[in-house]
$ cat structure.tsv   # TSV, C-alpha atoms and all ligand atoms
chain	number	residue	atom	x	y	z
A	263	MET	CA	0.00	0.00	0.00
A	264	SER	CA	1.30	3.43	-0.87
A	265	GLN	CA	1.32	6.19	1.72
A	266	PRO	CA	-1.81	8.32	1.56
A	267	ILE	CA	-1.01	11.70	0.07
A	268	ALA	CA	-2.14	14.72	2.03
A	269	TYR	CA	-4.05	17.11	-0.19
A	270	GLU	CA	-4.61	20.75	0.68
A	271	ASP	CA	-8.14	20.66	-0.65
A	272	ALA	CA	-10.34	19.24	-3.42
A	273	ILE	CA	-8.70	21.40	-6.08
A	274	ASP	CA	-5.24	20.27	-5.04
A	275	LEU	CA	-6.36	16.64	-5.36
A	276	LEU	CA	-7.91	17.17	-8.80
A	277	ASP	CA	-4.92	19.13	-10.05
A	278	ALA	CA	-2.58	16.35	-8.93
A	279	ASP	CA	-4.61	14.06	-11.23
A	280	HIS	CA	-4.30	16.60	-14.04
A	281	LYS	CA	-0.52	16.69	-13.67
A	282	ALA	CA	-0.23	12.90	-13.51
A	283	VAL	CA	-2.28	12.43	-16.65
A	284	LYS	CA	-0.38	15.21	-18.45
A	285	GLN	CA	2.83	13.30	-17.70
A	286	LEU	CA	1.30	10.15	-19.21
A	287	PHE	CA	0.44	12.05	-22.39
A	288	ILE	CA	4.04	13.33	-22.51
A	289	ASP	CA	5.25	9.73	-22.08
A	290	PHE	CA	2.93	8.63	-24.87
A	291	ASN	CA	4.24	11.28	-27.25
A	292	GLY	CA	7.80	10.28	-26.38
A	293	LEU	CA	7.02	6.67	-27.32
A	294	CYS	CA	5.50	7.82	-30.61
A	295	GLU	CA	8.60	9.89	-31.43
A	296	ASP	CA	10.85	6.94	-30.58
A	297	GLY	CA	8.86	4.60	-32.80
A	298	ALA	CA	8.13	2.37	-29.79
A	299	PRO	CA	6.25	-0.94	-30.21
A	300	ALA	CA	2.47	-0.67	-30.45
A	301	ALA	CA	2.03	-2.72	-27.26
A	302	ASP	CA	4.07	-0.19	-25.25
A	303	LYS	CA	2.06	2.71	-26.60
A	304	GLN	CA	-1.17	0.85	-25.91
A	305	ALA	CA	-0.13	0.21	-22.29
A	306	VAL	CA	0.34	3.94	-21.68
A	307	ALA	CA	-2.82	4.83	-23.62
A	308	LEU	CA	-4.88	2.45	-21.47
A	309	LYS	CA	-3.39	3.97	-18.31
A	310	ILE	CA	-4.43	7.39	-19.57
A	311	CYS	CA	-7.96	6.14	-20.28
A	312	GLN	CA	-8.29	4.58	-16.85
A	313	ALA	CA	-6.94	7.62	-15.01
A	314	LEU	CA	-9.24	9.98	-16.92
A	315	ALA	CA	-12.31	7.80	-16.43
A	316	VAL	CA	-11.74	7.70	-12.66
A	317	HIS	CA	-11.00	11.43	-12.54
A	318	ALA	CA	-14.07	12.43	-14.56
A	319	GLN	CA	-16.37	10.28	-12.48
A	320	LEU	CA	-14.94	11.70	-9.27
A	321	GLU	CA	-15.60	15.21	-10.52
A	322	GLU	CA	-19.09	14.33	-11.70
A	323	GLU	CA	-20.12	12.58	-8.49
A	324	ILE	CA	-18.68	14.88	-5.85
A	325	PHE	CA	-16.92	18.03	-7.04
A	326	TYR	CA	-19.07	19.30	-9.90
A	327	PRO	CA	-22.44	19.02	-8.10
A	328	ALA	CA	-21.09	20.92	-5.10
A	329	VAL	CA	-19.54	23.60	-7.32
A	330	ARG	CA	-22.63	23.88	-9.51
A	331	GLN	CA	-24.76	24.56	-6.46
A	332	ALA	CA	-22.29	27.06	-5.01
A	333	ILE	CA	-21.40	29.16	-8.07
A	334	GLY	CA	-24.75	29.34	-9.84
A	335	ASP	CA	-23.22	29.08	-13.31
A	336	ASP	CA	-25.06	26.23	-14.98
A	337	ALA	CA	-23.74	27.09	-18.46
A	338	LEU	CA	-20.15	26.66	-17.31
A	339	MET	CA	-20.87	23.36	-15.60
A	340	ASP	CA	-22.95	22.11	-18.54
A	341	GLU	CA	-20.05	22.82	-20.87
A	342	ALA	CA	-17.66	20.91	-18.61
A	343	MET	CA	-20.06	17.96	-18.57
A	344	LEU	CA	-20.28	18.06	-22.36
A	345	GLU	CA	-16.49	17.97	-22.57
A	346	HIS	CA	-16.47	14.98	-20.24
A	347	ALA	CA	-18.97	13.20	-22.50
A	348	GLN	CA	-16.81	13.93	-25.56
A	349	ALA	CA	-13.69	12.69	-23.76
A	350	LYS	CA	-15.51	9.51	-22.72
A	351	ASP	CA	-16.38	8.82	-26.37
A	352	LEU	CA	-12.73	9.10	-27.34
A	353	ILE	CA	-11.67	6.99	-24.33
A	354	ALA	CA	-14.09	4.23	-25.35
A	355	GLN	CA	-12.74	4.36	-28.91
A	356	ILE	CA	-9.14	4.11	-27.73
A	357	GLN	CA	-9.93	1.22	-25.39
A	358	GLU	CA	-11.45	-0.74	-28.28
A	359	MET	CA	-8.82	0.20	-30.81
A	360	ASP	CA	-6.08	-1.95	-32.26
A	361	PRO	CA	-2.86	-0.10	-31.39
A	362	GLN	CA	-1.47	-1.08	-34.80
A	363	ASP	CA	-4.22	0.97	-36.38
A	364	GLU	CA	-2.67	3.92	-38.17
A	365	THR	CA	-5.11	6.30	-36.47
A	366	PHE	CA	-4.26	5.05	-32.94
A	367	ASP	CA	-1.54	7.59	-32.08
A	368	GLY	CA	-3.55	10.46	-33.51
A	369	THR	CA	-6.65	9.50	-31.55
A	370	VAL	CA	-4.71	9.44	-28.27
A	371	GLN	CA	-3.11	12.78	-29.15
A	372	GLU	CA	-6.50	14.25	-29.99
A	373	LEU	CA	-7.69	13.19	-26.53
A	374	GLY	CA	-4.59	14.87	-25.09
A	375	LYS	CA	-5.44	18.17	-26.78
A	376	ASP	CA	-9.07	17.99	-25.63
A	377	ILE	CA	-7.95	17.31	-22.06
A	378	ASP	CA	-5.46	20.20	-22.15
A	379	HIS	CA	-8.30	22.52	-23.13
A	380	HIS	CA	-10.66	21.08	-20.51
A	381	VAL	CA	-8.09	21.29	-17.72
A	382	LEU	CA	-7.32	24.89	-18.62
A	383	GLU	CA	-11.02	25.70	-18.38
A	384	GLU	CA	-11.25	23.96	-15.02
A	385	ARG	CA	-8.24	25.81	-13.67
A	386	GLU	CA	-9.15	29.23	-15.01
A	387	GLN	CA	-12.88	29.16	-14.48
A	388	ILE	CA	-14.30	26.33	-12.42
A	389	PHE	CA	-11.56	26.17	-9.78
A	390	LEU	CA	-11.40	29.95	-9.57
A	391	LYS	CA	-15.15	30.29	-9.08
A	392	ALA	CA	-15.15	27.43	-6.59
A	393	ARG	CA	-12.54	29.24	-4.51
A	394	LEU	CA	-14.46	32.51	-4.61
A	395	ALA	CA	-17.64	30.70	-3.62
A	396	ARG	CA	-16.04	29.73	-0.33
A	397	LEU	CA	-16.99	26.10	-0.71
A	398	ASP	CA	-15.64	23.76	1.95
A	399	LEU	CA	-12.94	22.53	-0.40
A	400	ARG	CA	-10.87	21.06	2.40
A	401	GLY	CA	-13.82	19.22	3.87
A	402	MET	CA	-14.44	17.47	0.54
A	403	VAL	CA	-11.05	15.73	0.52
A	404	PRO	CA	-11.76	12.62	2.64
A	405	ALA	CA	-14.85	11.65	0.64
A	406	MET	CA	-13.01	12.24	-2.62
A	407	VAL	CA	-9.96	10.22	-1.58
A	408	LYS	CA	-12.20	7.35	-0.51
A	409	ARG	CA	-14.30	7.41	-3.66
A	410	LYS	CA	-11.21	7.66	-5.85
A	411	GLU	CA	-9.79	4.49	-4.30
A	412	GLN	CA	-13.07	2.66	-4.95
A	413	LEU	CA	-13.22	3.84	-8.55
A	414	LYS	CA	-9.59	2.90	-9.15
A	415	LYS	CA	-10.20	-0.63	-7.86
A	416	LYS	CA	-13.28	-0.94	-10.03
A	417	ALA	CA	-11.42	0.34	-13.10
A	418	ALA	CA	-8.53	-2.07	-12.50
A	419	ALA	CA	-10.80	-5.11	-12.14
A	420	PRO	CA	-10.75	-7.46	-15.14
A	421	ALA	CA	-13.43	-6.66	-17.69
A	422	LYS	CA	-16.54	-8.73	-17.17
A	423	VAL	CA	-17.10	-11.59	-19.59
A	424	ALA	CA	-19.78	-10.81	-22.12
A	425	ALA	CA	-22.94	-12.83	-21.54
B	501	FE	FE	-13.16	17.60	-15.72
B	502	FE	FE	-10.39	17.69	-14.03
$ encode --input "structure.tsv" --output "structure tokens"
Amino acid sequence: MSQPIAYEDAIDLLDADHKAVKQLFIDFNGLCEDGAPAADKQAVALKICQALAVHAQLEEEIFYPAVRQAIGDDALMDEAMLEHAQAKDLIAQIQEMDPQDETFDGTVQELGKDIDHHVLEEREQIFLKARLARLDLRGMVPAMVKRKEQLKKKAAAPAKVAA
């Protein structure tokens, strides 16, 4: 078991995810530049997909609803949810894709660009408004850490056999 990481508040926790996934995209691009084997690229791509799926669900279940209620900007939160839905479509595509497919690298890189844009929007708008709204961002951490662990375990479980 790894040591639990102490997060300042909910935003700190979410931004740590953003940084971790950004590093994975950088790793992926490095593999592409090096002409690495498809299996190696796929391994990183699947890690990205898993990390983003857990992160998005955590935001949607705990952080976004609290922020939506506190900031009163439904348009902003609706846009973020739409971007999550678009990312999930790409994630599902990547998870099903043959890494030998000539569009594989480009699809992962497209997801990377979309996530860059989404993260920027979270940092510059959602996180900022959440801070100004004086939400109990620190108080949200234990529930988020707990839920994240559950989601990670679920995501790591072997895919269920089709009936
Ligand atoms: Fe998000
Ligand atoms: Fe996020």
$ closest_residue --input "structure.tsv" --among "A:Asp271, A:Asp367, A:Asp360, A:Asp279" --to "Val381 in chain A" --atoms "only C-alpha atoms"
A:Asp279
$ atom_distance --input "structure.tsv" --atom1 "CA of Ala354 in chain A" --atom2 "CA of Gly374 in chain A"
14.3 Å
$ closest_atom_pairs --input "structure.tsv" --of "chain A" --to "ligand FE 501 (chain B)" --cutoff "12 Å" --atoms "all atoms listed in the file" --output "Markdown table"
| residue | atom | partner | partner_atom | distance |
| --- | --- | --- | --- | --- |
| A:Ile273 | CA | B:FE501 | FE | 11.3 |
| A:Leu276 | CA | B:FE501 | FE | 8.7 |
| A:Asp277 | CA | B:FE501 | FE | 10.1 |
| A:Asp279 | CA | B:FE501 | FE | 10.3 |
| A:His280 | CA | B:FE501 | FE | 9.1 |
| A:Ala313 | CA | B:FE501 | FE | 11.8 |
| A:Leu314 | CA | B:FE501 | FE | 8.7 |
| A:Ala315 | CA | B:FE501 | FE | 9.9 |
| A:Val316 | CA | B:FE501 | FE | 10.5 |
| A:His317 | CA | B:FE501 | FE | 7.3 |
| A:Ala318 | CA | B:FE501 | FE | 5.4 |
| A:Gln319 | CA | B:FE501 | FE | 8.6 |
| A:Leu320 | CA | B:FE501 | FE | 8.9 |
| A:Glu321 | CA | B:FE501 | FE | 6.2 |
| A:Glu322 | CA | B:FE501 | FE | 7.9 |
| A:Glu323 | CA | B:FE501 | FE | 11.2 |
| A:Ile324 | CA | B:FE501 | FE | 11.6 |
| A:Phe325 | CA | B:FE501 | FE | 9.5 |
| A:Tyr326 | CA | B:FE501 | FE | 8.5 |
| A:Leu338 | CA | B:FE501 | FE | 11.6 |
| A:Met339 | CA | B:FE501 | FE | 9.6 |
| A:Asp340 | CA | B:FE501 | FE | 11.1 |
| A:Glu341 | CA | B:FE501 | FE | 10.1 |
| A:Ala342 | CA | B:FE501 | FE | 6.3 |
| A:Met343 | CA | B:FE501 | FE | 7.5 |
| A:Leu344 | CA | B:FE501 | FE | 9.7 |
| A:Glu345 | CA | B:FE501 | FE | 7.6 |
| A:His346 | CA | B:FE501 | FE | 6.2 |
| A:Ala347 | CA | B:FE501 | FE | 10.0 |
| A:Gln348 | CA | B:FE501 | FE | 11.1 |
| A:Ala349 | CA | B:FE501 | FE | 9.4 |
| A:Lys350 | CA | B:FE501 | FE | 11.0 |
| A:Asp376 | CA | B:FE501 | FE | 10.7 |
| A:Ile377 | CA | B:FE501 | FE | 8.2 |
| A:Asp378 | CA | B:FE501 | FE | 10.4 |
| A:His379 | CA | B:FE501 | FE | 10.1 |
| A:His380 | CA | B:FE501 | FE | 6.4 |
| A:Val381 | CA | B:FE501 | FE | 6.6 |
| A:Leu382 | CA | B:FE501 | FE | 9.8 |
| A:Glu383 | CA | B:FE501 | FE | 8.8 |
| A:Glu384 | CA | B:FE501 | FE | 6.7 |
| A:Arg385 | CA | B:FE501 | FE | 9.8 |
| A:Gln387 | CA | B:FE501 | FE | 11.6 |
| A:Ile388 | CA | B:FE501 | FE | 9.4 |
| A:Phe389 | CA | B:FE501 | FE | 10.5 |
$ closest_residue --input "structure.tsv" --among "A:Ala301, A:Glu386, A:Leu397, A:Gln355" --to "ligand FE 502 (chain B)" --atoms "all atoms listed in the file"
A:Glu386
$ closest_residue --input "structure.tsv" --among "A:Met359, A:Leu390, A:Lys416, A:Met402" --to "Ile333 in chain A" --atoms "all atoms listed in the file"
A:Leu390
$ closest_residue --input "structure.tsv" --among "A:Val403, A:Ala395, A:Ala268, A:Ala278" --to "ligand FE 502 (chain B)" --atoms "all atoms listed in the file"
A:Ala278
$ atom_distance --input "structure.tsv" --atom1 "CA of Gln331 in chain A" --atom2 "CA of Gln312 in chain A"
27.9 Å
$ axis_aligned_box --input "structure.tsv" --around "range 367-376 of chain A" --padding-each-side "6 Å" --output "AutoDock Vina command-line options"
--center_x -5.3 --center_y 12.9 --center_z -29.3 --size_x 19.5 --size_y 22.6 --size_z 20.4
$ residues_near_point --input "structure.tsv" --point "(-8.0, 1.4, -27.6)" --cutoff "9 Å" --atoms "only C-alpha atoms" --output "ChimeraX atom specification"
/A:304,307-308,311,353-361,366,370
$ build_atoms --input "structure.tsv" --residues "range 374-399 of chain A" --atoms "N, CA and C atoms" --output "compact mmCIF listing (two decimals), keeping the file's coordinate frame"
# COMPACT_ATOMS: atom_id res chain seq x y z
N GLY A 374 -5.52 14.04 -25.86
CA GLY A 374 -4.59 14.87 -25.09
C GLY A 374 -4.87 16.36 -25.27
N LYS A 375 -5.15 16.75 -26.50
CA LYS A 375 -5.44 18.17 -26.78
C LYS A 375 -6.76 18.57 -26.12
N ASP A 376 -7.76 17.70 -26.25
CA ASP A 376 -9.07 17.99 -25.63
C ASP A 376 -8.92 18.14 -24.12
N ILE A 377 -8.12 17.27 -23.53
CA ILE A 377 -7.95 17.31 -22.06
C ILE A 377 -7.18 18.57 -21.65
N ASP A 378 -6.18 18.95 -22.44
CA ASP A 378 -5.46 20.20 -22.15
C ASP A 378 -6.44 21.37 -22.07
N HIS A 379 -7.31 21.43 -23.06
CA HIS A 379 -8.30 22.52 -23.13
C HIS A 379 -9.25 22.45 -21.92
N HIS A 380 -9.71 21.25 -21.62
CA HIS A 380 -10.66 21.08 -20.51
C HIS A 380 -10.01 21.44 -19.17
N VAL A 381 -8.79 21.01 -18.98
CA VAL A 381 -8.09 21.29 -17.72
C VAL A 381 -7.86 22.80 -17.56
N LEU A 382 -7.52 23.45 -18.66
CA LEU A 382 -7.32 24.89 -18.62
C LEU A 382 -8.61 25.59 -18.17
N GLU A 383 -9.72 25.12 -18.73
CA GLU A 383 -11.02 25.70 -18.38
C GLU A 383 -11.34 25.45 -16.91
N GLU A 384 -11.01 24.25 -16.44
CA GLU A 384 -11.25 23.96 -15.02
C GLU A 384 -10.40 24.89 -14.15
N ARG A 385 -9.14 24.99 -14.51
CA ARG A 385 -8.24 25.81 -13.67
C ARG A 385 -8.64 27.27 -13.69
N GLU A 386 -8.94 27.79 -14.89
CA GLU A 386 -9.15 29.23 -15.01
C GLU A 386 -10.56 29.67 -14.69
N GLN A 387 -11.50 28.75 -14.75
CA GLN A 387 -12.88 29.16 -14.48
C GLN A 387 -13.51 28.41 -13.32
N ILE A 388 -13.57 27.09 -13.44
CA ILE A 388 -14.30 26.33 -12.42
C ILE A 388 -13.59 26.41 -11.06
N PHE A 389 -12.29 26.16 -11.05
CA PHE A 389 -11.56 26.17 -9.78
C PHE A 389 -11.58 27.57 -9.17
N LEU A 390 -11.42 28.56 -10.03
CA LEU A 390 -11.40 29.95 -9.57
C LEU A 390 -12.74 30.31 -8.93
N LYS A 391 -13.82 29.98 -9.62
CA LYS A 391 -15.15 30.29 -9.08
C LYS A 391 -15.44 29.50 -7.82
N ALA A 392 -14.94 28.26 -7.79
CA ALA A 392 -15.15 27.43 -6.59
C ALA A 392 -14.44 28.05 -5.39
N ARG A 393 -13.26 28.60 -5.62
CA ARG A 393 -12.54 29.24 -4.51
C ARG A 393 -13.27 30.50 -4.03
N LEU A 394 -13.76 31.28 -4.98
CA LEU A 394 -14.46 32.51 -4.61
C LEU A 394 -15.77 32.21 -3.90
N ALA A 395 -16.35 31.05 -4.21
CA ALA A 395 -17.64 30.70 -3.62
C ALA A 395 -17.50 30.24 -2.17
N ARG A 396 -16.28 30.15 -1.70
CA ARG A 396 -16.04 29.73 -0.33
C ARG A 396 -16.70 28.39 -0.01
N LEU A 397 -16.57 27.48 -0.95
CA LEU A 397 -16.99 26.10 -0.71
C LEU A 397 -16.07 25.49 0.34
N ASP A 398 -16.52 24.45 1.00
CA ASP A 398 -15.64 23.76 1.95
C ASP A 398 -14.77 22.78 1.17
N LEU A 399 -13.78 23.33 0.48
CA LEU A 399 -12.94 22.53 -0.40
C LEU A 399 -12.06 21.56 0.38
